[in-house]
Structures are given as C-alpha cells and as structure tokens.
Number of protein chains: 2
Amino acid sequence: MGILLTIAYDGTGYCGWQVQKNGITICEMLEGAVSKLLEGQPFALLGASRTDSGVHALGQVAHIREMGVKTKIPPHKMPQILNSHLPDDIVVKDAALVPDDFHPIKDAKSKTYVYKIHNSKIPNPLTSRYTTLVGKKLNVDAMKDACKYFIGEHDFKTFSVPNSNPLIKTTVREVYNLQITQNNDHIEVWISGNGFLHNMVRIIAGTLVAVGHGQIEPNQIPQIIASKERDAAGKTMPPQGLTLVEVFYS
Amino acid sequence: MGILLTIAYDGTGYCGWQVQKNGITICEMLEGAVSKLLEGQPFALLGASRTDSGVHALGQVAHIREMGVKTKIPPHKMPQILNSHLPDDIVVKDAALVPDDFHPIKDAKSKTYVYKIHNSKIPNPLTSRYTTLVGKKLNVDAMKDACKYFIGEHDFKTFSVPNSNPLIKTTVREVYNLQITQNNDHIEVWISGNGFLHNMVRIIAGTLVAVGHGQIEPNQIPQIIASKERDAAGKTMPPQGLTLVEVFYS
C-alpha cells in the first residue's frame with residue numbers, strides 16, 4: 001500500500017513544488033516531514049502537479065511509496081504528525097492508503113484551478129498574496145462569453161511554454177469546465193480539465209484578461225487555439241493569482 | 001487644511017499602529033512616507049484607531065496636520081506618491097483635504113471591525129494570516145442569539161483590559177450593530193459602534209466563541225455586562241482574526 005496526502009500551501013515563500021538546486025521547495029519541506037514520520041525508512045514521494053514558484057494549493061496531492069519496512073501509524077494520525085514537522089504555510093489536510101499500483105499523475109481524472117484577479121486601481125494588502133491586481137477595468141461579460149470556446153478537447157499548444165518539456169508526447173488536453181465568477185472588483189476564473197500544460201492556466205487567464213480589455217474578441221478564440229502560436233494568446237499571468245484547488249481521482 | 005488618509009494594511013509583520021520603542025509599527029512606516037511627500041516639512045500624524053500588533057485594516061484613517069509650509073500636491077496624487085515609499089503590505093487608498101479643526105478620533109461617528117474565524121480542525125494556510133482557527137465546532141445559532149444583548153449603550157468595562165489606560169474617562173460605549181455571518185466553516189463577527197475600548201472587539205468575539213461552545217448561555221450576556229468583571233467574559237481572541245474595516249465621519 002502507498003500513502004496519499006492532500007496538502008494545502010501558501011506558495012509565496014517557496015520556489016514551487018519540485019525539488020531544485022536553488023531555493024526551498026514545498027516537496028522538499030514535505031519530504032523532510034515524511035522522513036520524520038517514517039523514521040528514516042526509504043520512500044519515494046511524487047506530487048500530482050508541479051506547481052510553479054509562488055503558486056498556491058488547497059488540494060495538492062502527493063503519493064508516498066514506502067521502499068522498505070512499512071509504517072504502522074494509522075493514516076488518520078499522519079496529518080497531525082506531519083504538520084508538527086512543517087511550517088504554518090504548508091498543511092497536510094488528509095492521509096489515506098492507496099493500492100500499490102496507484103499513480104498520482106496517471107490516475108488523476110481531473111484537476112481544478114482557480115485564478116483570482118483584483119480588478120482595481122488600488123491594491124488590497126489583505127488579498128494581494130493570493131490575487132493579481134489588474135488596474136484597467138475588465139469587461140467580465142466578454143470574458144464569460146469567451147469561456148465556451150476553451151471547453152472540450154483541443155490541442156492547447158498555443159497556451160503552453162514553447163519547447164518546455166521534450167518528454168510531453170501531446171499538447172492535446174480536455175477542458176471540462178471554464179467559468180468566471182465576479183463579486184464586485186474580485187474576479188475568479190475557475191478551470192477544470194483532465195490535465196494542464198506548463199503555464200496553461202496562467203496563459204488562458206491572460207488571454208481572458210486580453211478579452212476583458214477588448215484586445216481580443218471572444219469569437220477569435222477558436223482561431224487563436226488553432227494557430228498553435230504562443231504569440232497569438234494573451235500574456236502569462238503572474239503566479240500569485242493561481243491556486244490548485246483539487247486533484248480528483250475516481 | 002489637514003490631509004485625511006485612508007489606509008489598508010496587513011498587520012502580520014508589524015508591532016501594531018502606534019510608534020513604540022521596540023519593533024516597526026505601521027504609523028512609523030507611514031510617517032516615513034509622508035515625510036517624503038512633504039519634502040521634510042514638519043507635520044503631525046494621528047491615527048483614528050490604535051490597532052494592536054498583528055491586527056489588520058482595510059479602512060484605517062490617519063490625519064496629517066502640516067506644521068509649516070503647505071504642500072501644493074493635489075490630494076488625488078498623494079496615494080500614488082505615498083505608496084511608492086511604502087512596502088506592499090501598507091497601502092494608502094485615498095487622500096482628502098479636511099478643515100483645520102478636524103480631529104480623527106473625536107470626529108469619528110462610528111467604527112466597524114470584523115473578526116474572522118475558521119471553524120475547522122484543519123488549518124487553511126491561504127486564510128490563516130487573516131483568521132483565527134477554532135477547532136471545536138461552534139453553535140452559530142447560539143452566537144447569533146447572543147448578539148442582541150450587546151447592541152445599544154452599555155458600560156463595557158467587562159470587555160476591556162483592566163486598568164489599561166488611566167486617561168479613559170468612561171467605559172460606556174454604544175454598539176450600533178453586532179452581526180454574525182457564516183459561509184461553511186468561515187464565520188465572521190461584524191461589529192460597529194461609536195468607539196471601542198482596548199481589546200473590546202477581541203473580548204466580545206471570545207465571549208461569542210464561549211457561547212458557541214456552550215460555556216455561556218446567550219441570556220447570560222446581560223449579567224456578564226453588568227458584572228464589570230473581566231473574568232466573567234470569554235477569552236481575548238488572538239489579533240490576526242481582527243480587521244478594522246471602516247472609520248466613518250459624517
């Protein structure tokens with residue numbers, strides 16, 4: 001059996017999820033805590049999503065494969081133990097046992113992200129860690145209108161970092177839902193799909209912002225998708241507005 | 001004429017509003033920025049509310065009285081200039097001119113605060129800077145029921161730090177409104193009144209939490225107010241859940 005952890009984090013102070021040479025990452029912090037939990041037994045830890053530097057999570061998922069002796073600690077006791085070895089900005093919310101053949105990336109049925117925008121000329125220091133400030137007024141109706149063109153199975157090459165990962169076999173992904181909510185000057189872009197290319201959500205959000213500013217018409221989206229040219233889409237929005245909400249397994 | 005500033009801040013990294021010997025305060029940071037704005041001219045700065053260490057604000061008010069030469073910068077240009085001299089967690093939202101006899105504390109007609117509670121066993125790192133975690137389930141209906149007893153003019157001595165300020169002539173205050181909102185595990189206590197004693201909002205919030213946990217019955221509130229004994233009330237809730245929302249002037 002493997003162990004499946006659900007994790008929330010404020011990504012502000014970290015260089016993203018994936019362990020790297022320069023800077024502290026969330027995966028690294030979690031590995032330190034798991035090492036304490038398993039009392040030094042060897043293990044492998046794999047996250048469902050490689051969130052970028054500054055991106056947040058409410059429902060990141062990490063899979064622990066124990067390589068040696070199995071732990072006797074029941075899963076419901078694990079979050080408290082792990083959290084006692086983690087800083088306040090990383091929280092293990094849940095732990096569960098999963099079969100040996102479970103894979104946190106391949107078995108994920110859908111992922112949901114939210115991109116939060118504060119549409120105001122004046123920054124709000126109580127939301128600025130988790131939103132992106134967009135000063136110029138957005139036409140939210142136009143943004144909502146544009147959403148429908150993204151939904152469905154498409155080649156999303158336009159909305160990815162060019163040549164980012166040579167191991168990726170296809171840039172075809174299915175977007176299950178893309179929706180915009182508005183509460184005064186607070187705008188949220190909710191997106192779920194079977195998987196996302198590197199920066200895909202942030203580039204889609206930037207394209208919707210371009211629609212909201214009248215630089216792109218909603219009905220131009222199909223040809224932008226078809227172009228497969230990064231330049232045809234909007235800007236890559238900054239990381240702090242992005243939160244990984246959920247990774248869903250059947 | 002004086003200058004009235006409306007300010008928002010994330011109080012996490014500061015030792016409160018009021019200038020003090022140890023630690024950086026928000027007033028101090030603001031004075032530094034105003035000094036740049038007024039190019040070294042002498043001035044006096046007074047805040048409407050002395051928020052404690054760790055308390056946040058969306059609508060703190062500060063009054064600048066120029067002691068020498070008057071600035072020629074129009075008020076609408078001041079926020080941008082001030083913000084360029086302030087860190088991201090302090091934001092001047094607005095500046096306006098006020099008559100010479102204006103007083104930011106005496107002229108305030110009402111103040112509104114919100115106390116935010118995350119009622120969950122599992123912390124949320126994306127809200128923990130601005131909420132207080134209460135693990136044990138709260139009976140929100142009982143809390144709502146208790147609110148009505150606080151509204152009106154009362155001697156709120158029970159809900160203040162004993163002997164905190166010898167200059168305070170009376171502990172009688174009028175609470176205009178006290179309301180509780182709930183959205184799943186997120187509970188907000190909204191309070192407005194003509195003025196608040198030191199820690200009054202945090203002690204009222206702590207008393208409402210005691211009601212929510214069944215330690216105090218709603219109908220016991222009148223006798224707790226009448227007792228004028230600090231021990232009769234609930235705990236002083238931690239600062240990070242508190243936000244000064246607005247100071248209202250007629």
# chains A, B, ... in the order shown; residues from 1 in each chain; ligands from 1

$ residues_around --residues "stretch 226-233 of chain A" --least-positions-apart "2" --cutoff "7 Å" --atoms "only C-alpha atoms" --output "JSON, numbers by chain"
{"A": [157, 158, 159, 160, 207, 222, 223, 224, 235]}

$ interface_residues --of "chain B" --to "chain A" --cutoff "10 Å" --atoms "only C-alpha atoms" --output "PyMOL selection string"
chain B and resi 7-11+56-58+79-80+83+87-94+121-130+243

$ calpha_fit_and_write --fixed "chain B" --moving "chain A" --output "compact mmCIF listing (two decimals) with C-alpha atoms, in the first residue's frame"
# COMPACT_ATOMS: atom_id res chain seq x y z
CA MET A 1 -6.41 72.44 5.85
CA GLY A 2 -5.30 69.02 7.01
CA ILE A 3 -4.95 65.83 4.98
CA LEU A 4 -7.03 62.72 5.70
CA LEU A 5 -5.60 59.38 4.53
CA THR A 6 -7.48 56.09 4.27
CA ILE A 7 -5.08 53.17 4.70
CA ALA A 8 -5.21 49.38 4.37
CA TYR A 9 -2.57 47.09 5.82
CA ASP A 10 -1.65 43.51 6.55
CA GLY A 11 -0.63 43.81 10.20
CA THR A 12 1.21 40.45 10.33
CA GLY A 13 4.70 41.91 10.19
CA TYR A 14 4.15 44.96 12.40
CA CYS A 15 4.03 45.79 16.12
CA GLY A 16 0.67 47.50 15.66
CA TRP A 17 -0.17 51.06 14.69
CA GLN A 18 1.30 53.24 17.41
CA VAL A 19 5.01 54.19 17.36
CA GLN A 20 6.89 52.38 20.13
CA LYS A 21 10.46 51.70 21.15
CA ASN A 22 10.71 48.05 20.13
CA GLY A 23 9.70 46.89 16.67
CA ILE A 24 8.45 48.52 13.50
CA THR A 25 4.96 50.00 13.53
CA ILE A 26 2.59 51.00 10.74
CA CYS A 27 2.38 54.62 11.90
CA GLU A 28 6.18 54.82 11.71
CA MET A 29 6.25 53.48 8.14
CA LEU A 30 3.53 55.95 7.15
CA GLU A 31 5.34 58.86 8.79
CA GLY A 32 8.41 58.00 6.72
CA ALA A 33 6.35 58.15 3.51
CA VAL A 34 4.56 61.38 4.51
CA SER A 35 7.93 62.95 5.31
CA LYS A 36 9.01 62.18 1.72
CA LEU A 37 5.70 63.58 0.37
CA LEU A 38 6.08 66.83 2.34
CA GLU A 39 9.79 67.01 1.54
CA GLY A 40 10.86 67.27 5.15
CA GLN A 41 8.32 69.89 6.26
CA PRO A 42 7.22 69.38 9.86
CA PHE A 43 3.87 67.61 10.35
CA ALA A 44 1.87 65.75 12.99
CA LEU A 45 0.19 62.42 12.17
CA LEU A 46 -2.65 60.95 14.24
CA GLY A 47 -4.50 57.68 13.56
CA ALA A 48 -8.20 57.12 14.22
CA SER A 49 -7.57 53.73 15.84
CA ARG A 50 -4.55 52.26 17.64
CA THR A 51 -4.72 48.79 16.14
CA ASP A 52 -2.73 46.19 18.12
CA SER A 53 0.20 44.14 16.92
CA GLY A 54 -0.96 41.71 14.21
CA VAL A 55 -4.34 43.39 13.63
CA HIS A 56 -5.19 44.31 10.02
CA ALA A 57 -7.01 47.25 8.43
CA LEU A 58 -8.99 47.89 5.28
CA GLY A 59 -10.01 51.41 6.28
CA GLN A 60 -7.75 52.87 8.96
CA VAL A 61 -7.74 56.66 8.90
CA ALA A 62 -4.79 58.94 9.58
CA HIS A 63 -4.85 62.71 9.83
CA ILE A 64 -1.86 64.82 8.81
CA ARG A 65 -1.57 68.28 10.23
CA GLU A 66 1.06 70.33 8.40
CA MET A 67 3.00 72.46 10.86
CA GLY A 68 4.86 74.67 8.39
CA VAL A 69 4.72 75.41 4.66
CA LYS A 70 1.69 73.84 2.94
CA THR A 71 2.16 71.25 0.20
CA LYS A 72 0.98 72.08 -3.31
CA ILE A 73 0.46 68.44 -4.34
CA PRO A 74 -3.24 67.84 -5.08
CA PRO A 75 -4.79 65.14 -2.81
CA HIS A 76 -5.68 62.76 -5.69
CA LYS A 77 -1.95 62.44 -6.49
CA MET A 78 -0.92 61.68 -2.91
CA PRO A 79 -1.79 57.94 -2.66
CA GLN A 80 0.50 57.03 -5.56
CA ILE A 81 3.40 59.07 -4.19
CA LEU A 82 2.95 57.73 -0.66
CA ASN A 83 2.61 54.11 -1.87
CA SER A 84 5.88 54.42 -3.79
CA HIS A 85 7.55 54.95 -0.38
CA LEU A 86 5.65 52.14 1.38
CA PRO A 87 6.05 48.35 1.37
CA ASP A 88 3.36 46.24 -0.37
CA ASP A 89 1.63 45.38 2.89
CA ILE A 90 0.69 49.00 3.60
CA VAL A 91 -1.46 50.82 1.02
CA VAL A 92 -2.79 54.39 1.07
CA LYS A 93 -6.17 54.07 -0.66
CA ASP A 94 -7.35 57.65 -0.58
CA ALA A 95 -6.37 61.18 0.43
CA ALA A 96 -8.66 64.17 1.01
CA LEU A 97 -8.40 67.67 2.47
CA VAL A 98 -10.19 68.38 5.76
CA PRO A 99 -10.74 71.62 7.71
CA ASP A 100 -8.19 72.78 10.28
CA ASP A 101 -10.40 71.89 13.24
CA PHE A 102 -10.87 68.26 12.14
CA HIS A 103 -9.94 65.59 14.71
CA PRO A 104 -9.61 61.95 13.52
CA ILE A 105 -10.69 60.42 16.87
CA LYS A 106 -13.17 62.94 18.27
CA ASP A 107 -14.96 63.47 14.93
CA ALA A 108 -15.36 59.72 14.16
CA LYS A 109 -19.07 58.85 14.17
CA SER A 110 -18.61 55.09 14.01
CA LYS A 111 -16.03 52.36 13.56
CA THR A 112 -16.61 48.95 12.04
CA TYR A 113 -14.51 45.86 12.72
CA VAL A 114 -14.76 42.27 11.52
CA TYR A 115 -13.43 39.28 13.45
CA LYS A 116 -12.88 36.23 11.21
CA ILE A 117 -12.97 32.65 12.50
CA HIS A 118 -12.06 29.47 10.62
CA ASN A 119 -14.10 26.81 12.43
CA SER A 120 -12.21 23.67 11.47
CA LYS A 121 -9.83 21.09 12.88
CA ILE A 122 -7.59 21.57 9.83
CA PRO A 123 -5.81 24.92 9.31
CA ASN A 124 -6.01 26.62 5.90
CA PRO A 125 -2.67 28.25 5.00
CA LEU A 126 -4.43 30.53 2.49
CA THR A 127 -6.63 32.18 5.14
CA SER A 128 -4.61 31.71 8.36
CA ARG A 129 -2.98 35.17 8.20
CA TYR A 130 -6.41 36.80 8.48
CA THR A 131 -8.52 34.35 10.51
CA THR A 132 -8.32 32.57 13.85
CA LEU A 133 -8.61 28.79 13.83
CA VAL A 134 -11.23 27.44 16.24
CA GLY A 135 -11.10 23.63 16.18
CA LYS A 136 -14.19 22.77 18.22
CA LYS A 137 -17.48 23.10 16.35
CA LEU A 138 -19.33 26.35 17.13
CA ASN A 139 -23.09 26.63 17.61
CA VAL A 140 -23.54 29.65 15.35
CA ASP A 141 -27.27 29.97 16.10
CA ALA A 142 -26.49 30.45 19.79
CA MET A 143 -23.83 33.03 18.89
CA LYS A 144 -26.32 34.91 16.71
CA ASP A 145 -28.83 34.80 19.55
CA ALA A 146 -26.29 36.35 21.95
CA CYS A 147 -25.53 39.32 19.68
CA LYS A 148 -28.66 41.32 20.51
CA TYR A 149 -27.63 41.72 24.17
CA PHE A 150 -24.49 43.67 23.20
CA ILE A 151 -26.29 46.17 20.98
CA GLY A 152 -27.02 49.58 22.49
CA GLU A 153 -25.33 51.82 25.03
CA HIS A 154 -23.68 49.87 27.85
CA ASP A 155 -20.78 50.14 30.25
CA PHE A 156 -18.41 47.70 28.52
CA LYS A 157 -15.86 47.58 31.39
CA THR A 158 -16.18 43.75 31.42
CA PHE A 159 -14.85 43.71 27.85
CA SER A 160 -11.71 45.76 28.32
CA VAL A 161 -8.16 45.37 29.58
CA PRO A 162 -8.35 46.20 33.33
CA ASN A 163 -6.66 49.54 34.16
CA SER A 164 -5.32 49.77 30.61
CA ASN A 165 -5.50 53.52 30.18
CA PRO A 166 -5.90 55.89 33.16
CA LEU A 167 -6.84 58.71 30.77
CA ILE A 168 -10.08 57.01 29.69
CA LYS A 169 -12.89 58.82 31.46
CA THR A 170 -15.67 56.35 30.81
CA THR A 171 -16.07 52.73 29.72
CA VAL A 172 -19.57 53.43 28.36
CA ARG A 173 -19.79 52.84 24.62
CA GLU A 174 -22.62 52.35 22.13
CA VAL A 175 -22.64 49.28 19.89
CA TYR A 176 -24.73 50.11 16.84
CA ASN A 177 -24.70 46.65 15.32
CA LEU A 178 -23.31 43.19 15.99
CA GLN A 179 -23.93 40.50 13.42
CA ILE A 180 -22.60 37.06 12.56
CA THR A 181 -22.31 35.65 9.04
CA GLN A 182 -21.44 32.07 8.17
CA ASN A 183 -20.19 30.51 4.95
CA ASN A 184 -19.49 26.83 5.65
CA ASP A 185 -16.58 26.77 8.14
CA HIS A 186 -15.88 30.50 7.76
CA ILE A 187 -17.57 32.65 10.44
CA GLU A 188 -17.42 36.45 10.61
CA VAL A 189 -18.36 38.65 13.56
CA TRP A 190 -19.18 42.18 12.35
CA ILE A 191 -19.40 44.95 14.91
CA SER A 192 -19.89 48.69 14.63
CA GLY A 193 -20.15 51.29 17.34
CA ASN A 194 -19.26 54.83 18.36
CA GLY A 195 -15.94 53.67 19.83
CA PHE A 196 -14.24 50.62 21.31
CA LEU A 197 -12.17 50.06 24.46
CA HIS A 198 -8.77 48.38 24.23
CA ASN A 199 -9.31 44.70 23.23
CA MET A 200 -13.11 45.17 23.37
CA VAL A 201 -13.79 43.58 19.98
CA ARG A 202 -11.46 40.64 20.66
CA ILE A 203 -13.04 40.00 24.09
CA ILE A 204 -16.59 40.23 22.67
CA ALA A 205 -15.51 37.77 19.93
CA GLY A 206 -14.07 35.46 22.61
CA THR A 207 -17.31 35.70 24.60
CA LEU A 208 -19.31 34.79 21.49
CA VAL A 209 -16.97 31.81 20.94
CA ALA A 210 -17.68 30.74 24.57
CA VAL A 211 -21.40 30.98 23.72
CA GLY A 212 -20.78 28.90 20.58
CA HIS A 213 -19.12 26.24 22.74
CA GLY A 214 -21.98 26.20 25.26
CA GLN A 215 -19.81 27.61 28.09
CA ILE A 216 -21.99 30.72 28.29
CA GLU A 217 -25.73 30.86 27.55
CA PRO A 218 -26.88 33.76 25.33
CA ASN A 219 -29.22 35.08 28.04
CA GLN A 220 -26.31 35.30 30.52
CA ILE A 221 -24.76 38.16 28.50
CA PRO A 222 -26.69 40.97 30.31
CA GLN A 223 -25.39 39.85 33.71
CA ILE A 224 -21.85 39.46 32.29
CA ILE A 225 -22.03 43.06 31.03
CA ALA A 226 -23.43 44.21 34.40
CA SER A 227 -20.70 42.41 36.38
CA LYS A 228 -17.94 44.74 35.11
CA GLU A 229 -15.57 41.86 35.88
CA ARG A 230 -13.13 40.89 33.10
CA ASP A 231 -13.18 37.27 34.32
CA ALA A 232 -16.89 36.94 33.61
CA ALA A 233 -16.33 37.32 29.84
CA GLY A 234 -14.67 34.94 27.36
CA LYS A 235 -11.04 34.89 26.32
CA THR A 236 -9.33 37.66 24.35
CA MET A 237 -9.18 36.26 20.81
CA PRO A 238 -5.81 36.44 18.99
CA PRO A 239 -5.07 39.56 16.89
CA GLN A 240 -4.76 38.03 13.40
CA GLY A 241 -8.53 37.44 13.11
CA LEU A 242 -9.28 41.15 13.56
CA THR A 243 -9.61 43.73 10.78
CA LEU A 244 -10.56 47.41 11.15
CA VAL A 245 -12.95 47.81 8.22
CA GLU A 246 -14.03 51.44 8.34
CA VAL A 247 -13.95 54.66 10.33
CA PHE A 248 -16.96 56.74 9.43
CA TYR A 249 -17.14 60.55 9.60
CA SER A 250 -20.33 62.51 8.95

$ select_by_dssp --residues "stretch 9-246 of chain B" --states "strand (DSSP E or B)" --output "PyMOL selection string"
chain B and resi 9+43-47+56-66+90-98+108-119+132-134+152-155+172-183+186-193+242-246

$ select_by_dssp --residues "stretch 182-249 of chain A" --states "helix (DSSP H, G or I)" --output "ChimeraX atom specification"
/A:200-212,218-227,230-232,239-241

$ write_last_selection --atoms "N, CA, C and O atoms" --output "tab-separated table (two decimals), in the first residue's frame"
chain	number	residue	atom	x	y	z
A	200	MET	N	-0.36	26.66	-18.69
A	200	MET	CA	-1.60	26.71	-19.48
A	200	MET	C	-2.69	27.54	-18.81
A	200	MET	O	-3.33	28.37	-19.46
A	201	VAL	N	-2.87	27.35	-17.49
A	201	VAL	CA	-3.94	28.09	-16.81
A	201	VAL	C	-3.60	29.58	-16.79
A	201	VAL	O	-4.47	30.42	-17.04
A	202	ARG	N	-2.35	29.91	-16.53
A	202	ARG	CA	-1.95	31.32	-16.46
A	202	ARG	C	-2.02	32.00	-17.83
A	202	ARG	O	-2.32	33.19	-17.91
A	203	ILE	N	-1.79	31.26	-18.92
A	203	ILE	CA	-1.89	31.86	-20.25
A	203	ILE	C	-3.36	31.99	-20.66
A	203	ILE	O	-3.77	32.99	-21.24
A	204	ILE	N	-4.19	31.00	-20.31
A	204	ILE	CA	-5.63	31.12	-20.58
A	204	ILE	C	-6.19	32.32	-19.80
A	204	ILE	O	-6.95	33.13	-20.34
A	205	ALA	N	-5.78	32.46	-18.52
A	205	ALA	CA	-6.24	33.61	-17.72
A	205	ALA	C	-5.80	34.93	-18.38
A	205	ALA	O	-6.58	35.88	-18.47
A	206	GLY	N	-4.57	34.97	-18.87
A	206	GLY	CA	-4.06	36.18	-19.53
A	206	GLY	C	-4.80	36.47	-20.83
A	206	GLY	O	-5.01	37.63	-21.19
A	207	THR	N	-5.22	35.41	-21.53
A	207	THR	CA	-5.99	35.58	-22.76
A	207	THR	C	-7.39	36.12	-22.43
A	207	THR	O	-7.91	37.00	-23.13
A	208	LEU	N	-7.97	35.62	-21.34
A	208	LEU	CA	-9.28	36.13	-20.91
A	208	LEU	C	-9.17	37.59	-20.47
A	208	LEU	O	-10.08	38.39	-20.71
A	209	VAL	N	-8.06	37.96	-19.84
A	209	VAL	CA	-7.84	39.37	-19.46
A	209	VAL	C	-7.76	40.23	-20.73
A	209	VAL	O	-8.33	41.33	-20.80
A	210	ALA	N	-7.07	39.72	-21.77
A	210	ALA	CA	-6.99	40.45	-23.05
A	210	ALA	C	-8.38	40.61	-23.66
A	210	ALA	O	-8.70	41.67	-24.23
A	211	VAL	N	-9.23	39.60	-23.50
A	211	VAL	CA	-10.63	39.70	-23.96
A	211	VAL	C	-11.34	40.78	-23.13
A	211	VAL	O	-12.03	41.64	-23.68
A	212	GLY	N	-11.12	40.77	-21.83
A	212	GLY	CA	-11.75	41.75	-20.93
A	212	GLY	C	-11.32	43.18	-21.21
A	212	GLY	O	-12.04	44.12	-20.89
A	218	PRO	N	-14.08	37.67	-28.17
A	218	PRO	CA	-14.38	36.29	-27.77
A	218	PRO	C	-14.37	35.31	-28.95
A	218	PRO	O	-13.76	34.23	-28.86
A	219	ASN	N	-14.97	35.70	-30.08
A	219	ASN	CA	-15.06	34.75	-31.20
A	219	ASN	C	-13.73	34.56	-31.95
A	219	ASN	O	-13.67	33.79	-32.91
A	220	GLN	N	-12.67	35.24	-31.51
A	220	GLN	CA	-11.34	34.99	-32.10
A	220	GLN	C	-10.64	33.80	-31.44
A	220	GLN	O	-9.60	33.34	-31.93
A	221	ILE	N	-11.19	33.36	-30.28
A	221	ILE	CA	-10.51	32.30	-29.52
A	221	ILE	C	-10.28	31.03	-30.36
A	221	ILE	O	-9.16	30.49	-30.35
A	222	PRO	N	-11.29	30.54	-31.13
A	222	PRO	CA	-11.04	29.32	-31.91
A	222	PRO	C	-9.82	29.44	-32.84
A	222	PRO	O	-9.01	28.53	-32.91
A	223	GLN	N	-9.66	30.58	-33.50
A	223	GLN	CA	-8.51	30.70	-34.40
A	223	GLN	C	-7.19	30.84	-33.63
A	223	GLN	O	-6.13	30.42	-34.11
A	224	ILE	N	-7.27	31.41	-32.41
A	224	ILE	CA	-6.06	31.50	-31.56
A	224	ILE	C	-5.64	30.10	-31.12
A	224	ILE	O	-4.45	29.77	-31.13
A	225	ILE	N	-6.63	29.27	-30.75
A	225	ILE	CA	-6.32	27.88	-30.40
A	225	ILE	C	-5.71	27.18	-31.61
A	225	ILE	O	-4.67	26.53	-31.50
A	226	ALA	N	-6.34	27.36	-32.77
A	226	ALA	CA	-5.89	26.66	-34.00
A	226	ALA	C	-4.50	27.10	-34.44
A	226	ALA	O	-3.76	26.32	-35.06
A	227	SER	N	-4.12	28.33	-34.13
A	227	SER	CA	-2.82	28.87	-34.60
A	227	SER	C	-1.62	28.10	-34.06
A	227	SER	O	-0.57	28.02	-34.69
A	230	ARG	N	2.24	30.62	-29.65
A	230	ARG	CA	2.19	31.24	-28.32
A	230	ARG	C	1.86	32.73	-28.40
A	230	ARG	O	1.12	33.27	-27.59
A	231	ASP	N	2.41	33.43	-29.40
A	231	ASP	CA	2.22	34.87	-29.53
A	231	ASP	C	0.78	35.28	-29.79
A	231	ASP	O	0.40	36.44	-29.57
A	232	ALA	N	-0.03	34.36	-30.27
A	232	ALA	CA	-1.42	34.69	-30.58
A	232	ALA	C	-2.26	34.84	-29.31
A	232	ALA	O	-3.29	35.52	-29.31
A	239	PRO	N	2.20	34.34	-11.00
A	239	PRO	CA	1.86	33.11	-10.26
A	239	PRO	C	0.95	33.32	-9.05
A	239	PRO	O	0.14	32.45	-8.74
A	240	GLN	N	1.05	34.45	-8.35
A	240	GLN	CA	0.37	34.55	-7.05
A	240	GLN	C	-1.16	34.49	-7.15
A	240	GLN	O	-1.82	34.20	-6.17
A	241	GLY	N	-1.72	34.73	-8.35
A	241	GLY	CA	-3.17	34.63	-8.51
A	241	GLY	C	-3.67	33.20	-8.62
A	241	GLY	O	-4.88	32.95	-8.54

$ decode --residues "stretch 168-244 of chain A" --atoms "C-alpha atoms" --output "CSV table (one decimal), in the first residue's frame"
chain,number,residue,atom,x,y,z
A,168,ILE,CA,5.5,15.6,-23.4
A,169,LYS,CA,4.0,13.5,-26.2
A,170,THR,CA,0.9,15.5,-26.9
A,171,THR,CA,-0.4,19.0,-26.3
A,172,VAL,CA,-4.0,17.8,-26.6
A,173,ARG,CA,-5.9,18.3,-23.4
A,174,GLU,CA,-9.6,18.3,-22.4
A,175,VAL,CA,-11.1,21.3,-20.5
A,176,TYR,CA,-14.2,20.1,-18.7
A,177,ASN,CA,-15.3,23.5,-17.5
A,178,LEU,CA,-14.2,27.1,-17.5
A,179,GLN,CA,-16.2,29.6,-15.6
A,180,ILE,CA,-15.9,33.2,-14.3
A,181,THR,CA,-17.4,34.5,-11.1
A,182,GLN,CA,-17.5,38.1,-10.1
A,183,ASN,CA,-18.0,39.7,-6.7
A,184,ASN,CA,-17.6,43.5,-7.1
A,185,ASP,CA,-13.9,44.0,-8.0
A,186,HIS,CA,-13.0,40.4,-7.2
A,187,ILE,CA,-13.0,38.1,-10.3
A,188,GLU,CA,-12.3,34.4,-10.3
A,189,VAL,CA,-11.5,32.2,-13.3
A,190,TRP,CA,-12.3,28.5,-12.5
A,191,ILE,CA,-11.0,25.8,-14.8
A,192,SER,CA,-11.1,22.1,-14.6
A,193,GLY,CA,-9.7,19.5,-17.1
A,194,ASN,CA,-8.0,16.2,-17.5
A,195,GLY,CA,-4.6,17.8,-17.3
A,196,PHE,CA,-2.8,21.1,-18.0
A,197,LEU,CA,0.3,22.0,-19.9
A,198,HIS,CA,3.0,24.1,-18.2
A,199,ASN,CA,1.6,27.7,-17.7
A,200,MET,CA,-1.6,26.7,-19.5
A,201,VAL,CA,-3.9,28.1,-16.8
A,202,ARG,CA,-2.0,31.3,-16.5
A,203,ILE,CA,-1.9,31.9,-20.3
A,204,ILE,CA,-5.6,31.1,-20.6
A,205,ALA,CA,-6.2,33.6,-17.7
A,206,GLY,CA,-4.1,36.2,-19.5
A,207,THR,CA,-6.0,35.6,-22.8
A,208,LEU,CA,-9.3,36.1,-20.9
A,209,VAL,CA,-7.8,39.4,-19.5
A,210,ALA,CA,-7.0,40.4,-23.1
A,211,VAL,CA,-10.6,39.7,-24.0
A,212,GLY,CA,-11.8,41.7,-20.9
A,213,HIS,CA,-9.7,44.7,-22.2
A,214,GLY,CA,-11.1,44.4,-25.7
A,215,GLN,CA,-7.7,43.4,-27.3
A,216,ILE,CA,-9.1,40.0,-28.3
A,217,GLU,CA,-12.7,39.4,-29.3
A,218,PRO,CA,-14.4,36.3,-27.8
A,219,ASN,CA,-15.1,34.8,-31.2
A,220,GLN,CA,-11.3,35.0,-32.1
A,221,ILE,CA,-10.5,32.3,-29.5
A,222,PRO,CA,-11.0,29.3,-31.9
A,223,GLN,CA,-8.5,30.7,-34.4
A,224,ILE,CA,-6.1,31.5,-31.6
A,225,ILE,CA,-6.3,27.9,-30.4
A,226,ALA,CA,-5.9,26.7,-34.0
A,227,SER,CA,-2.8,28.9,-34.6
A,228,LYS,CA,-0.7,26.9,-32.2
A,229,GLU,CA,1.4,30.1,-31.9
A,230,ARG,CA,2.2,31.2,-28.3
A,231,ASP,CA,2.2,34.9,-29.5
A,232,ALA,CA,-1.4,34.7,-30.6
A,233,ALA,CA,-2.6,34.3,-26.9
A,234,GLY,CA,-2.5,36.8,-24.1
A,235,LYS,CA,0.2,37.3,-21.5
A,236,THR,CA,1.2,34.7,-18.9
A,237,MET,CA,-0.4,36.0,-15.7
A,238,PRO,CA,1.7,36.2,-12.6
A,239,PRO,CA,1.9,33.1,-10.3
A,240,GLN,CA,0.4,34.6,-7.1
A,241,GLY,CA,-3.2,34.6,-8.5
A,242,LEU,CA,-3.1,30.9,-9.1
A,243,THR,CA,-4.3,28.2,-6.7
A,244,LEU,CA,-4.5,24.4,-7.4
